[in-house]
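J.: One file: run_19.cif (mmCIF, C-alpha atoms).
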```cif
data_input
#
loop_
_atom_site.label_atom_id
_atom_site.label_comp_id
_atom_site.auth_asym_id
_atom_site.auth_seq_id
_atom_site.Cartn_x
_atom_site.Cartn_y
_atom_site.Cartn_z
CA MET A 1201 108.02 151.67 103.85
CA ASN A 1202 106.83 148.64 105.72
CA GLY A 1203 104.00 147.25 103.57
CA LEU A 1204 105.26 143.69 103.37
CA ARG A 1205 105.84 143.41 107.12
CA ASP A 1206 102.33 144.76 107.79
CA GLN A 1207 100.89 142.03 105.61
CA ILE A 1208 102.54 139.33 107.67
CA ASP A 1209 101.52 140.98 110.95
CA GLU A 1210 97.92 141.10 109.84
CA ILE A 1211 97.81 137.42 108.98
CA GLU A 1212 99.55 136.65 112.24
CA ALA A 1213 96.59 138.09 114.13
CA ARG A 1214 94.29 135.39 112.76
CA ARG A 1215 95.39 132.23 114.43
CA LYS A 1216 93.99 129.02 113.03
CA LEU A 1217 93.28 125.77 114.74
CA LEU A 1218 94.34 122.45 113.31
CA GLU A 1219 92.47 119.48 114.72
CA VAL A 1220 94.27 116.24 114.08
CA HIS A 1221 91.88 113.30 114.34
CA THR A 1222 94.08 110.29 114.76
CA ASP A 1223 94.83 107.43 117.09
CA ARG A 1224 98.50 107.55 116.32
CA ASP A 1225 100.76 109.50 118.66
CA ARG A 1226 103.44 109.79 116.04
CA VAL A 1227 101.14 111.47 113.51
CA ALA A 1228 99.90 114.03 116.00
CA ALA A 1229 103.44 114.81 117.10
CA GLU A 1230 104.54 115.21 113.51
CA PHE A 1231 101.98 117.93 112.86
CA GLU A 1232 102.64 119.61 116.18
CA GLN A 1233 106.24 119.93 115.16
CA GLN A 1234 105.41 121.09 111.66
CA PHE A 1235 103.13 123.80 112.99
CA SER A 1236 105.28 124.69 115.96
CA THR A 1237 104.30 128.31 115.68
CA ARG A 1238 102.02 130.47 117.72
CA ASN A 1239 99.84 130.95 114.66
CA VAL A 1240 98.43 127.49 114.18
CA ARG A 1241 97.36 125.72 117.31
CA VAL A 1242 97.45 121.96 116.92
CA VAL A 1243 94.91 119.96 118.89
CA ARG A 1244 94.68 116.22 118.84
CA GLU A 1245 91.28 114.55 118.79
CA SER A 1246 91.77 110.87 119.31
CA SER A 1247 88.24 109.80 120.07
CA ALA A 1248 86.41 109.54 116.82
CA SER A 1249 88.91 108.32 114.32
CA SER A 1250 90.56 105.10 113.51
CA ALA A 1251 94.13 104.27 112.72
CA ASP A 1252 93.83 104.03 108.96
CA ARG A 1253 91.48 106.85 108.37
CA GLY A 1254 92.78 109.81 110.27
CA PHE A 1255 91.91 113.27 109.06
CA VAL A 1256 92.54 116.91 109.89
CA ILE A 1257 90.12 119.80 110.28
CA VAL A 1258 91.25 123.39 109.92
CA ARG A 1259 89.30 126.09 111.78
CA ASP A 1260 89.74 129.82 111.68
CA ALA A 1261 90.20 132.13 114.65
CA ASP A 1262 86.52 132.00 115.64
CA ARG A 1263 86.51 128.20 115.32
CA GLU A 1264 84.53 128.14 112.09
CA PHE A 1265 85.15 125.05 109.97
CA ARG A 1266 87.40 125.89 107.03
CA GLY A 1267 88.18 122.50 105.58
CA ALA A 1268 88.90 118.84 106.19
CA LEU A 1269 91.09 116.32 104.47
CA GLY A 1270 92.68 112.95 104.99
CA ILE A 1271 96.04 112.84 106.73
CA ASP A 1272 97.83 111.33 103.74
CA HIS A 1273 96.48 114.05 101.53
CA PHE A 1274 97.43 116.70 104.07
CA ARG A 1275 101.00 115.42 104.14
CA ALA A 1276 101.12 115.76 100.38
CA VAL A 1277 100.02 119.38 100.69
CA LEU A 1278 102.73 120.09 103.20
CA SER A 1279 105.45 118.53 101.11
CA PRO A 1280 104.50 119.25 97.56
CA GLU A 1281 106.66 118.04 94.74
CA ILE A 1282 108.46 120.68 92.83
CA HIS A 1283 107.15 120.94 89.31
CA PRO A 1284 107.78 123.66 86.77
CA PRO A 1285 104.55 125.34 85.64
CA TRP A 1286 104.44 123.64 82.25
CA ALA A 1287 104.40 120.29 84.04
CA LEU A 1288 101.76 121.32 86.54
CA GLU A 1289 99.46 122.32 83.71
CA ASP A 1290 98.91 118.66 82.92
CA ALA A 1291 99.03 117.35 86.47
CA ASP A 1292 96.13 115.26 87.74
CA VAL A 1293 96.05 116.97 91.08
CA ASP A 1294 93.94 120.07 91.40
CA TYR A 1295 96.40 122.35 93.11
CA SER A 1296 93.91 125.17 93.43
CA ASP A 1297 92.03 123.12 96.06
CA LEU A 1298 95.14 122.60 98.08
CA PHE A 1299 95.96 126.21 97.70
CA ALA A 1300 92.55 127.37 98.90
CA PHE A 1301 92.71 125.13 101.90
CA LEU A 1302 95.71 126.69 103.52
CA GLU A 1303 95.05 130.15 102.22
CA ASN A 1304 95.98 132.93 104.60
CA THR A 1305 97.45 130.42 107.01
CA LEU A 1306 100.85 131.35 108.24
CA PHE A 1307 103.38 128.67 107.67
CA THR A 1308 106.68 128.36 109.36
CA SER A 1309 109.81 126.31 108.94
CA TYR A 1310 109.34 125.90 105.25
CA ASP A 1311 112.67 125.11 103.77
CA ARG A 1312 113.88 126.32 100.44
CA ARG A 1313 112.46 123.32 98.62
CA GLN A 1314 108.97 123.87 100.00
CA MET A 1315 109.16 127.56 99.20
CA LEU A 1316 110.01 126.71 95.62
CA ALA A 1317 107.10 124.30 95.43
CA ALA A 1318 104.69 126.93 96.71
CA SER A 1319 106.14 129.51 94.32
CA ARG A 1320 105.57 127.11 91.45
CA GLU A 1321 101.87 126.97 92.21
CA ILE A 1322 101.58 130.71 91.82
CA GLU A 1323 103.68 130.71 88.67
CA GLU A 1324 101.49 127.96 87.30
CA ARG A 1325 98.43 130.18 87.66
CA ALA A 1326 100.19 132.97 85.82
CA TRP A 1327 101.24 130.51 83.14
CA ARG A 1328 97.67 129.31 82.63
CA THR A 1329 96.20 132.82 82.73
CA ASP A 1330 98.58 133.92 79.98
CA ALA A 1331 98.17 137.63 80.83
CA GLY A 1332 99.11 140.03 83.60
CA THR A 1333 102.24 140.59 85.63
CA LEU A 1334 104.15 138.41 88.02
CA PHE A 1335 106.20 140.10 90.75
CA VAL A 1336 109.04 138.10 92.18
CA GLY A 1337 111.38 139.11 94.98
CA PHE A 1338 114.71 137.52 95.72
CA GLN A 1339 116.89 138.15 98.68
CA ASN A 1340 120.01 138.30 96.58
CA SER A 1341 121.21 137.94 93.04
CA ALA A 1342 122.57 134.44 93.61
CA ALA A 1343 119.04 133.25 94.44
CA LEU A 1344 117.73 135.01 91.36
CA ALA A 1345 120.38 133.45 89.12
CA SER A 1346 119.24 129.96 90.08
CA GLN A 1347 115.66 130.66 89.00
CA VAL A 1348 116.10 132.96 86.05
CA SER A 1349 115.62 130.26 83.41
CA VAL A 1350 112.09 129.57 84.70
CA TYR A 1351 111.11 133.21 84.23
CA GLU A 1352 112.82 133.42 80.88
CA ARG A 1353 110.69 130.59 79.61
CA MET A 1354 107.55 132.19 81.03
CA VAL A 1355 108.03 135.45 79.15
CA ARG A 1356 109.13 133.63 76.01
CA GLU A 1357 106.13 131.32 75.80
CA ARG A 1358 103.45 133.32 77.53
CA ASN A 1359 102.04 136.81 77.28
CA LEU A 1360 103.21 137.75 80.77
CA GLY A 1361 105.10 140.66 82.25
CA ILE A 1362 107.60 139.80 84.97
CA THR A 1363 109.12 142.21 87.45
CA ILE A 1364 111.93 140.86 89.56
CA PHE A 1365 113.12 142.61 92.71
CA VAL A 1366 116.50 141.93 94.13
CA GLU A 1367 118.11 143.53 97.12
CA ASP A 1368 121.69 143.88 96.07
CA GLU A 1369 122.97 145.60 92.97
CA TYR A 1370 122.32 143.10 90.22
CA GLU A 1371 125.13 142.47 87.79
CA TYR A 1372 123.43 142.74 84.45
CA ASP A 1373 123.18 139.29 82.99
CA GLU A 1374 122.68 139.02 79.29
CA ARG A 1375 120.64 135.88 79.79
CA ILE A 1376 117.77 137.98 81.13
CA ALA A 1377 115.21 138.69 78.44
CA ASP A 1378 114.07 142.24 77.72
CA ALA A 1379 110.53 141.40 78.79
CA ILE A 1380 111.72 140.91 82.38
CA ASP A 1381 112.12 144.07 84.45
CA VAL A 1382 114.77 143.82 87.11
CA VAL A 1383 114.47 146.27 89.98
CA SER A 1384 117.72 146.04 91.85
CA ASP A 1385 118.85 147.91 94.88
CA ALA A 1386 115.20 148.66 95.67
CA GLY A 1387 116.17 149.23 99.26
CA GLY A 1388 113.79 149.11 102.18
CA GLU A 1389 112.73 145.69 103.25
CA ILE A 1390 112.94 143.81 99.95
CA GLY A 1391 115.98 141.84 101.04
CA ALA A 1392 114.15 140.38 104.01
CA PHE A 1393 111.45 138.68 101.93
CA TRP A 1394 110.88 136.02 99.36
CA PHE A 1395 107.73 136.73 97.41
CA VAL A 1396 105.92 135.64 94.28
CA VAL A 1397 102.78 137.64 93.53
CA PHE A 1398 100.56 137.41 90.46
CA ASP A 1399 98.22 140.31 89.70
CA GLY A 1400 95.63 138.08 88.04
CA GLY A 1401 95.92 139.51 84.54
CA GLY A 1402 92.65 141.39 84.95
CA SER A 1403 90.78 138.66 86.83
CA ASP A 1404 90.21 138.73 90.58
CA LEU A 1405 89.87 134.96 90.54
CA ARG A 1406 93.42 134.54 89.28
CA LYS A 1407 95.13 136.77 91.81
CA CYS A 1408 97.44 134.92 94.16
CA GLY A 1409 100.66 135.35 96.01
CA LEU A 1410 103.19 134.05 98.47
CA LEU A 1411 105.11 136.22 100.91
CA ALA A 1412 107.68 134.89 103.33
CA GLU A 1413 110.51 136.03 105.49
CA GLU A 1414 113.66 134.06 106.23
CA ARG A 1415 113.91 134.38 109.99
CA GLU A 1416 116.62 131.79 110.40
CA PRO A 1417 118.89 130.38 107.72
CA ASP A 1418 116.73 128.23 105.38
CA ARG A 1419 113.64 128.63 107.61
CA TYR A 1420 110.84 130.63 106.06
CA TYR A 1421 107.88 132.18 107.76
CA GLY A 1422 104.97 133.64 105.83
CA PHE A 1423 101.68 132.96 104.09
CA TRP A 1424 100.08 132.44 100.75
CA THR A 1425 96.80 133.93 99.68
CA TYR A 1426 94.50 134.50 96.80
CA ASP A 1427 92.39 137.09 98.50
CA PRO A 1428 92.12 139.74 95.72
CA ASP A 1429 92.15 142.72 98.11
CA ARG A 1430 95.27 141.52 99.83
CA ILE A 1431 96.99 140.88 96.51
CA ASP A 1432 96.00 144.36 95.31
CA GLU A 1433 97.60 145.90 98.38
CA ILE A 1434 100.82 143.98 97.93
CA VAL A 1435 100.93 144.72 94.20
CA SER A 1436 100.42 148.43 94.75
CA SER A 1437 103.20 148.58 97.32
CA LEU A 1438 105.50 146.71 94.93
CA ARG A 1439 104.55 148.94 92.02
CA SER A 1440 105.38 152.03 94.04
CA LEU A 1441 108.82 150.54 94.68
CA SER A 1442 109.48 149.72 91.05
CA ASP A 1443 108.34 153.16 89.87
CA SER A 1444 110.49 155.07 92.28
CA MET B 1017 81.04 95.88 100.56
CA ASP B 1018 82.27 92.71 98.85
CA GLU B 1019 80.35 89.50 98.48
CA ALA B 1020 82.12 87.69 101.28
CA SER B 1021 81.35 90.34 103.87
CA LEU B 1022 77.77 90.56 102.62
CA ARG B 1023 77.44 86.84 103.24
CA ASP B 1024 78.88 87.41 106.71
CA VAL B 1025 76.19 89.98 107.37
CA LEU B 1026 73.37 87.77 106.19
CA GLU B 1027 74.59 84.79 108.17
CA ALA B 1028 75.06 86.88 111.25
CA VAL B 1029 71.62 88.39 110.88
CA GLU B 1030 70.02 84.97 110.51
CA ALA B 1031 71.73 83.80 113.63
CA MET B 1032 70.43 86.73 115.60
CA GLU B 1033 67.17 87.30 117.37
CA SER B 1034 64.30 88.05 115.02
CA ASP B 1035 63.81 91.67 116.07
CA VAL B 1036 66.85 92.81 114.09
CA SER B 1037 65.51 93.53 110.65
CA PRO B 1038 67.91 92.69 107.82
CA ASP B 1039 66.35 95.47 105.74
CA VAL B 1040 67.20 98.10 108.34
CA LEU B 1041 70.64 96.66 108.87
CA LEU B 1042 71.49 96.65 105.19
CA ASP B 1043 70.02 100.09 104.72
CA VAL B 1044 72.26 101.43 107.48
CA LEU B 1045 75.33 99.62 106.22
CA SER B 1046 74.86 100.92 102.69
CA ASP B 1047 74.65 104.54 103.85
CA ARG B 1048 78.18 105.72 104.44
CA TYR B 1049 77.09 108.67 106.56
CA ALA B 1050 75.22 106.29 108.83
CA ARG B 1051 78.40 104.24 109.09
CA TYR B 1052 80.40 107.35 109.99
CA VAL B 1053 77.90 108.26 112.72
CA LEU B 1054 77.99 104.77 114.23
CA HIS B 1055 81.75 104.82 113.96
CA HIS B 1056 81.84 108.02 116.02
CA LEU B 1057 79.44 106.52 118.56
CA SER B 1058 81.62 103.46 118.97
CA ASP B 1059 84.03 105.73 120.84
CA GLU B 1060 81.64 108.06 122.58
CA SER B 1061 78.17 107.40 123.89
CA THR B 1062 76.92 110.93 123.31
CA ALA B 1063 77.71 113.47 120.63
CA THR B 1064 76.48 116.77 119.26
CA LEU B 1065 75.23 117.11 115.71
CA ASP B 1066 78.19 119.39 114.98
CA ALA B 1067 80.72 116.87 116.23
CA LEU B 1068 79.09 114.14 114.14
CA ALA B 1069 79.12 116.40 111.10
CA ASP B 1070 82.84 117.06 111.65
CA THR B 1071 83.64 113.37 111.86
CA ALA B 1072 81.47 112.46 108.87
CA THR B 1073 83.01 115.24 106.80
CA GLY B 1074 86.55 114.23 107.76
CA LEU B 1075 85.96 110.55 107.03
CA ALA B 1076 84.25 111.38 103.73
CA ALA B 1077 87.25 113.52 102.74
CA THR B 1078 89.61 110.71 103.64
CA GLU B 1079 87.62 108.26 101.55
CA SER B 1080 87.29 110.52 98.52
CA GLY B 1081 90.82 111.90 98.67
CA ALA B 1082 89.41 115.39 98.17
CA ILE B 1083 89.36 118.43 100.41
CA ALA B 1084 86.02 118.99 102.11
CA THR B 1085 84.93 122.63 102.03
CA PRO B 1086 82.61 124.41 104.50
CA GLY B 1087 79.87 123.89 101.88
CA ASP B 1088 80.46 120.14 101.86
CA ARG B 1089 80.26 120.06 105.63
CA GLU B 1090 77.01 122.00 105.67
CA GLU B 1091 75.47 119.55 103.19
CA ILE B 1092 76.52 116.63 105.36
CA ARG B 1093 75.20 118.32 108.51
CA VAL B 1094 71.80 118.86 106.89
CA ARG B 1095 71.78 115.30 105.63
CA LEU B 1096 72.53 113.95 109.10
CA TYR B 1097 69.83 116.11 110.68
CA HIS B 1098 67.03 115.33 108.25
CA LEU B 1099 67.83 111.85 107.05
CA VAL B 1100 70.53 109.85 108.72
CA LEU B 1101 69.93 110.52 112.43
CA PRO B 1102 66.12 110.05 112.22
CA LYS B 1103 66.75 106.77 110.40
CA LEU B 1104 69.18 105.52 113.04
CA ASP B 1105 66.80 106.71 115.74
CA ALA B 1106 63.92 104.77 114.15
CA ALA B 1107 66.11 101.69 114.01
CA GLY B 1108 66.70 102.05 117.76
CA TYR B 1109 70.47 102.43 117.44
CA LEU B 1110 70.50 105.88 118.98
CA GLU B 1111 68.29 108.64 120.33
CA PHE B 1112 68.36 111.89 118.44
CA ASP B 1113 67.08 115.01 120.17
CA SER B 1114 66.49 117.40 117.29
CA GLU B 1115 65.96 120.34 119.64
CA THR B 1116 69.22 120.15 121.52
CA ARG B 1117 70.88 118.62 118.46
CA THR B 1118 72.48 115.89 120.48
CA VAL B 1119 72.63 112.17 120.06
CA GLU B 1120 72.78 109.43 122.65
CA ARG B 1121 73.88 105.95 121.74
CA ASP B 1122 71.28 103.23 122.24
CA GLU B 1123 71.39 99.58 121.24
CA ILE B 1124 73.72 99.04 118.32
CA PRO B 1125 73.52 95.37 117.30
CA ALA B 1126 76.68 93.39 117.87
CA VAL B 1127 76.83 92.33 114.23
CA LEU B 1128 76.87 95.97 113.15
CA ARG B 1129 79.58 96.92 115.61
CA GLU B 1130 81.66 93.99 114.40
CA LEU B 1131 81.28 94.93 110.75
CA LEU B 1132 82.11 98.58 111.37
CA ARG B 1133 85.17 97.58 113.28
CA LYS B 1134 86.31 95.36 110.39
CA GLU B 1135 85.77 98.10 107.87
CA THR B 1136 88.15 100.51 109.50
#
```
Could you write out this structure as structure tokens?

T.:
Amino acid sequence: MNGLRDQIDEIEARRKLLEVHTDRDRVAAEFEQQFSTRNVRVVRESSASSADRGFVIVRDADREFRGALGIDHFRAVLSPEIHPPWALEDADVDYSDLFAFLENTLFTSYDRRQMLAASREIEERAWRTDAGTLFVGFQNSAALASQVSVYERMVRERNLGITIFVEDEYEYDERIADAIDVVSDAGGEIGAFWFVVFDGGGSDLRKCGLLAEEREPDRYYGFWTYDPDRIDEIVSSLRSLSDS
Amino acid sequence: MDEASLRDVLEAVEAMESDVSPDVLLDVLSDRYARYVLHHLSDESTATLDALADTATGLAATESGAIATPGDREEIRVRLYHLVLPKLDAAGYLEFDSETRTVERDEIPAVLRELLRKET
């Protein structure tokens, strides 16, 4: 089965364009490095912006405008703080906007910290929705062990189902609540990916997910989305794994 | 705009030749989209409506701290086309060709250029 890999390949085919409107060489170089991938082309536009008020424009593959935001704000999106979902619930920042902006954009060279931050945004939606199932995939049981308390709290305080996939044979840990399903030794490609996918709890608007592959140690490559069709596809491929 | 810079404007206007109308000048300065357009034209003498809409949308997003969506950009583009560019054209600051949707810079008063430069 190669469902997860197909998802990444499909997103890869839609290369976005990031226009950086700034007079500062350093800023343009910073984003070029951050998006040093063949999937986001970074172009600098120095003409119409001033030093203090630089901004970025994201365009899709056919150059349609997808969004614009100030450079400071954009930096914040790229390096989000890590908050547990119960803290994000009260946060001032509307994370759904940030989320929408980079939706279906492949990211690369996310480190573990950024992956966790992005995962938290999806978990926060599940937390607020208070229904449905969250699917989480870890590359190994050590990675799972470091996050298990977050998921324990989610099933304890919210009406959520959680299914956790882990590649290696998971040593049963009594800390894991009954409401969490652990699918270990699922085989196939599970071990190559880090994913957090929320099925929306019955609402298309709440569906969202993150899927990434660790191509080098601590360097993740993938995308996040809240396109309901895409989430449905991923969920159904994960469900078929957990049922088998 | 604070009081001090407003005084600057009024003094500068008084000192200038009489064909620069303070009403027009203040009207332009108080319209942020007009400021964004003139800002763009301070770097380039010609521009397309789409390029101006991009710049105005980006600068507006920077100012508001929010993310501008395609819908926001479309609103700004329509606003430039129907309101802002005709106004700047009437003031003689630029020439707007609504058929080709391009703009050519004309005479932008020195006082305006100076104030826009200060603002950014």

J.: Given the PyMOL selection byres ((chain B) within 9 of (chain A)) and the file above, list the residues it selects as a list in words.

T.: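 Answer for the PyMOL selection byres ((chain B) within 9 of (chain A)): His1055, His1056, Leu1057, Ser1058, Asp1059, Glu1060, Asp1070, Thr1071, Thr1073, Gly1074, Leu1075, Ala1076, Ala1077, Thr1078, Glu1079, Ser1080, Gly1081, Ala1082, Ile1083, Ala1084, Thr1085, Pro1086, Asp1088, Arg1089 and Thr1136 of chain B.
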
J.: Give me the result of the PyMOL selection byres ((chain B and resi 1041-1043) around 10) on this file, residue by residue, as a ChimeraX atom specification.

T.: /B:1022,1025-1026,1029,1036-1040,1044-1048,1050,1103-1104,1107,1125,1127-1128

J.: What separation in Å, quoted to one decimal, exists between atom CA of A:Ala1228 and atom CA of A:Leu1316?

T.: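 One can read the atom CA of A:Ala1228 to atom CA of A:Leu1316 distance as 26.0 Å.
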
J.: Expressed in Å to a single decimal, how great is the separation between atom CA of A:Arg1244 and atom CA of A:Thr1222?

T.: 7.2 Å

J.: As a PyMOL selection string, please: the residues near B:Arg1117 (cut-off 8 Å, all atoms listed in the file, same-chain neighbours under 4 positions excluded).

T.: chain B and resi 1064-1065+1112-1113

J.: Given only C-alpha atoms as the basis, pick out the residue of B:Leu1096, B:Leu1132, B:Val1053, B:Ala1072 nearest to B:Glu1120.

T.: B:Val1053

J.: Run through the PyMOL selection byres ((chain A and resi 1337) around 9) on the given coordinates and return the selected residues as an MDAnalysis selection string.

T.: chainID A and resid 1335:1336 1338:1340 1344 1363:1367 1390:1391 1393:1397

J.: How far is it from atom CA of A:Leu1218 to atom CA of B:Ala1067, in Å with one decimal?

T.: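 Atom CA of A:Leu1218 sits 15.0 Å away from atom CA of B:Ala1067.
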
J.: Could you tell me which of A:Ile1322, A:Ile1434, A:Leu1204, A:Ala1377 comes closest to A:Cys1408 if we count only C-alpha atoms?

T.: A:Ile1322
